[in-house]
Structure formats: C-alpha cells, structure tokens
Amino acid sequence: MLAVEVEHIKKHYGEVRALDGVDLSIPLGGVYGLLGPNGAGKTTLVRILATLLKPTSGRARVLGVDVTEDPGAIRRRIGLAGQSAAVDELLTGRENLEMVGRLYGFDRVEALRRADDVLERIDLAEAANRTVKTYSGGMRRRLDLAASLVGHPELLIMDEPTTGLDPRSRQDLWDLIEELVEEGTTLLLTTQYLEEADRLARQLVVIDNGKVISRGTPNQLKAQLGGDVLELHLEDMGKIRLVLEQLEGLGSSPASVNDETGLISLTVGEDTGAVVEALRRLDQAAVKLRDLSLRKPTLDDVFLTLTGHAAEVSEPEPATGRRRRRKAKSGDRP
C-alpha cells in the first residue's frame, strides 16, 4: 500500500489554478520532499491530503483511503504540522497537547499520558507547565510538531516546518524528524530549502504554478544545472551589461543578475575551463572584480533554471508581483 497516491489533482479558485493536474505516489517509510516557492501549490496539495480542502477534480488516497469518501478515517491516522505553530498561547504546553488528545477521542488519562510522552520526546518536559506565550519560536515549533504526534500518526505531513527558525532550532528539528523516520513514520515534507531536502528526503518532487516540473533525488536536481556556479561582484556596476555580453556562451544557461545586489551568476561545467575563459574575457574587457567565488548549486539556482525565478519568493500580489532576475539574452522577464 502507498502512503499517498495522487492522480491528476486539480484545485481551482475561479480563474486561479492552484493545482493543475498533479500526479504523485509516495511509498510507505522514509521522507518524501515536495519543493517549490511560495504560491507554487504545495500548501494547497497538503490541505487536500489532510482533508482540509476538496479537490476540484482528480483523485487522492491517503493510506489507501479516498480523501473525499472517508476524511474522518484519514484524520485519525495522520499528523499535520503547518507553516506556523498552531498552539494556544494562553495554555501551557501540557494543556495544549492534552486538548489535542481529547480531540482525537482519548479520555483524560490517556490524553495526559500521551502529552507527557511527547513532551519528553521533544525535550519540552521542563517547560510543560509554562504558558506557551513564554516559549521561544523554536519551542513553539517543537510543540506544534508534538501536537501532530499525539495520535501516533502513520503518516506525518509537515508543511515548511523550519521556516523562520534559527539554525540551532532547525538542526534540532531535523534530528527529531530523522528519529521518527527510523521508527517507521512516513513523512511528507514541503520545503523551500535544498539543504533541508538534502538532509532529509530520499526523493523530491518540484512543483511550480500548480504543476510538477521535475522529480528526482537532491543530487539529480542539482545535476540538471550542469556544474558549479560562478558568482561575480563588480567594482563598477555600470559594466553589468558588458560583463553579460562577455560571458555569453560560457555557461549551461545564460548568466543572470540579481537586481537588488548586482550579483552575477553563471552555471559552468565541473572543469575549470569555463572559469578560466571567463576571467580571460573580463581581463581583456578591462573589467575589475570586487569578488569572485565558485560554489555548488543551491535550490535558488535550481529554480532559476527550471522556472526563471528564485525559489524563496513571496506570495504573488496583484500590485507588485514577484522579484525578477534579468537574463543575458532576453532582458527583463515580464
């Protein structure tokens, strides 16, 4: 039995197509990653799988149960941790988890037992009797995860669980996720961070504008870029256009410019030939560099190649839209 099976799911809001024919199969066991920028459709898909939304068309099954035919059966078998901590600040940590246990249908004794077990597991036992308003951001995220574990879920869905966390809190949460997976929990993880996907996920699906645009392991996704990324900061920002012309044809895709920082990025081959040639051309053109670096691809590079925009962008707004980057050949993207 598959943990999740999605067949051509669509979700439309009037003219907006939040999901536009997504297919997905997730086996039992391990971590399956769903990558995409804000507004790509990840959260919409998660809400459908968690039975919080009904699809416009298509079919989805979770642990063998159709999401529209028996949503109650699914809710009893899954856990959901959303993008922000859904906890009551006026209650203590223990009271929050006891309330969740009661909502699962456990009596008070069982709800308290499970609350204490989970608090111990996520290292919040000492803060169990403090009101949540005194918790740090990382503690709130751990408590939110704890709430999703009270029912001992067969499938845990985590929607961008580490967004906004400091590096230490993020590392702690990763460690806890790995422990859960080792014990047999299946995890569907949505994220914008390739580092997170690299660490946790066996397989990844990239979604943008409501459609699946790529699949594979983290290494396979990065390999699509064709090599390392050369980054350049110029002494004279007025020479950006000249530099783009000099770099033309050297990378696996045209060089791009970050409009806010002036950083020029070029995906090059794994050998150093393209880098040497780039420096030779810039020297002949009398271009002075303030900084130069060569690094491995990141999620932002993957998305810039696959979709034409960066990975970490805001939800689209009618008046402003998303931040764009310029291409060497095509100019500013609309």
# chains A, B, ... in the order shown; residues from 1 in each chain; ligands from 1

call {"tool": "residues_around", "arguments": {"residues": "A:Arg77", "least_positions_apart": "6", "cutoff": "9 Å", "atoms": "only C-alpha atoms", "output": "list in words"}}
result
Leu63, Gly151, His152, Pro153, Glu154, Leu155 and Leu156 of chain A

call {"tool": "write_last_selection", "arguments": {"atoms": "N, CA and C atoms", "output": "CSV table (one decimal), in the first residue's frame"}}
result
chain,number,residue,atom,x,y,z
A,63,LEU,N,-3.1,6.5,2.7
A,63,LEU,CA,-3.1,5.3,3.4
A,63,LEU,C,-4.3,4.4,2.9
A,151,GLY,N,-1.4,11.6,18.3
A,151,GLY,CA,-2.2,10.5,17.8
A,151,GLY,C,-1.4,9.3,17.2
A,152,HIS,N,0.0,9.3,17.4
A,152,HIS,CA,0.8,8.3,16.8
A,152,HIS,C,0.5,8.1,15.3
A,153,PRO,N,0.7,9.1,14.5
A,153,PRO,CA,0.3,9.0,13.1
A,153,PRO,C,1.2,8.0,12.3
A,154,GLU,N,0.5,7.4,11.3
A,154,GLU,CA,1.2,6.6,10.4
A,154,GLU,C,1.9,7.4,9.3
A,155,LEU,N,1.2,8.5,9.0
A,155,LEU,CA,1.8,9.5,8.0
A,155,LEU,C,1.8,10.9,8.7
A,156,LEU,N,3.0,11.5,8.7
A,156,LEU,CA,3.2,12.8,9.2
A,156,LEU,C,3.4,13.8,8.0

call {"tool": "residues_around", "arguments": {"residues": "stretch 42-58 of chain A", "least_positions_apart": "5", "cutoff": "9 Å", "atoms": "only C-alpha atoms", "output": "NGL selection string"}}
result
:A and (4 or 6-13 or 18-19 or 21-22 or 34-37 or 67-68 or 71-72 or 74-75 or 78-80 or 82-83 or 157-160 or 188 or 190-191 or 207-208 or 210)

call {"tool": "closest_residue", "arguments": {"among": "A:Leu149, A:Arg61, A:Gly137, A:Leu103", "to": "A:Leu119", "atoms": "only C-alpha atoms"}}
result
A:Leu149

call {"tool": "atom_distance", "arguments": {"atom1": "atom CA of A:Gly33", "atom2": "atom CA of A:Gln203"}}
result
6.2 Å

call {"tool": "select_by_dssp", "arguments": {"residues": "stretch 100-253 of chain A", "states": "strand (DSSP E)", "output": "list in words"}}
result
Leu155, Leu156, Ile157, Met158, Asp159, Thr186, Leu187, Leu188, Leu189, Thr190, Thr191, Gln203, Leu204, Val205, Val206, Ile207, Asp208, Lys211, Val212, Ile213, Ser214, Arg215, Gly216, Val229, Leu230, Glu231, Leu232, His233 and Leu234 of chain A

call {"tool": "write_last_selection", "arguments": {"atoms": "C-alpha atoms", "output": "PDB file, in the first residue's frame"}}
result
ATOM      1  CA  LEU A 155       1.788   9.491   8.019  1.00  0.00           C
ATOM      2  CA  LEU A 156       3.185  12.821   9.197  1.00  0.00           C
ATOM      3  CA  ILE A 157       2.720  15.826   6.916  1.00  0.00           C
ATOM      4  CA  MET A 158       4.974  18.796   7.627  1.00  0.00           C
ATOM      5  CA  ASP A 159       4.385  21.999   5.661  1.00  0.00           C
ATOM      6  CA  THR A 186       6.316   8.089   6.764  1.00  0.00           C
ATOM      7  CA  LEU A 187       6.917  11.789   6.268  1.00  0.00           C
ATOM      8  CA  LEU A 188       5.747  14.147   3.536  1.00  0.00           C
ATOM      9  CA  LEU A 189       7.792  17.317   3.839  1.00  0.00           C
ATOM     10  CA  THR A 190       7.245  20.548   1.943  1.00  0.00           C
ATOM     11  CA  THR A 191      10.160  22.938   1.952  1.00  0.00           C
ATOM     12  CA  GLN A 203      13.049  11.546  -3.308  1.00  0.00           C
ATOM     13  CA  LEU A 204      11.845  15.001  -4.326  1.00  0.00           C
ATOM     14  CA  VAL A 205       9.137  16.484  -6.492  1.00  0.00           C
ATOM     15  CA  VAL A 206       9.475  20.086  -7.657  1.00  0.00           C
ATOM     16  CA  ILE A 207       6.194  21.954  -8.130  1.00  0.00           C
ATOM     17  CA  ASP A 208       5.613  25.420  -9.535  1.00  0.00           C
ATOM     18  CA  LYS A 211       2.317  21.667 -11.840  1.00  0.00           C
ATOM     19  CA  VAL A 212       5.079  19.124 -11.262  1.00  0.00           C
ATOM     20  CA  ILE A 213       8.105  20.356 -13.209  1.00  0.00           C
ATOM     21  CA  SER A 214      10.810  17.944 -12.069  1.00  0.00           C
ATOM     22  CA  ARG A 215      11.428  14.816  -9.977  1.00  0.00           C
ATOM     23  CA  GLY A 216      14.477  13.052  -8.582  1.00  0.00           C
ATOM     24  CA  VAL A 229      28.040  28.250 -10.147  1.00  0.00           C
ATOM     25  CA  LEU A 230      30.437  31.129 -10.751  1.00  0.00           C
ATOM     26  CA  GLU A 231      29.488  34.323  -8.887  1.00  0.00           C
ATOM     27  CA  LEU A 232      30.888  37.773  -9.638  1.00  0.00           C
ATOM     28  CA  HIS A 233      30.656  41.165  -7.900  1.00  0.00           C
ATOM     29  CA  LEU A 234      31.884  44.079  -9.972  1.00  0.00           C
TER      30      LEU A 234
END

call {"tool": "closest_residue", "arguments": {"among": "A:Glu196, A:Asp166, A:Glu120, A:Asp88", "to": "A:Val132", "atoms": "only C-alpha atoms"}}
result
A:Asp88

call {"tool": "closest_residue", "arguments": {"among": "A:Ala278, A:Leu194, A:Met139, A:Ile240", "to": "A:Leu173", "atoms": "only C-alpha atoms"}}
result
A:Met139

call {"tool": "residues_around", "arguments": {"residues": "A:Arg114", "least_positions_apart": "3", "cutoff": "6 Å", "atoms": "only C-alpha atoms", "output": "PyMOL selection string"}}
result
chain A and resi 111+117+150

call {"tool": "select_by_dssp", "arguments": {"residues": "stretch 70-302 of chain A", "states": "alpha helix (DSSP H)", "output": "PyMOL selection string"}}
result
chain A and resi 71-75+93-103+108-121+137-149+167-182+194-200+218-223+240-247+273-284+299-302

call {"tool": "residues_around", "arguments": {"residues": "A:Asp144", "least_positions_apart": "4", "cutoff": "7 Å", "atoms": "only C-alpha atoms", "output": "JSON, numbers by chain"}}
result
{"A": [81, 85, 86, 87, 140, 148]}

call {"tool": "write_last_selection", "arguments": {"atoms": "C-alpha atoms", "output": "CSV table (one decimal), in the first residue's frame"}}
result
chain,number,residue,atom,x,y,z
A,81,ALA,CA,2.3,20.4,11.3
A,85,ALA,CA,2.8,26.9,15.2
A,86,ALA,CA,-1.0,26.3,15.8
A,87,VAL,CA,-0.9,26.4,19.5
A,140,ARG,CA,6.6,26.7,19.7
A,148,SER,CA,0.9,16.3,15.4

call {"tool": "atom_distance", "arguments": {"atom1": "atom CA of A:Val243", "atom2": "atom CA of A:Ala286"}}
result
10.1 Å

call {"tool": "atom_distance", "arguments": {"atom1": "atom CA of A:Asn96", "atom2": "atom CA of A:Ala125"}}
result
13.0 Å
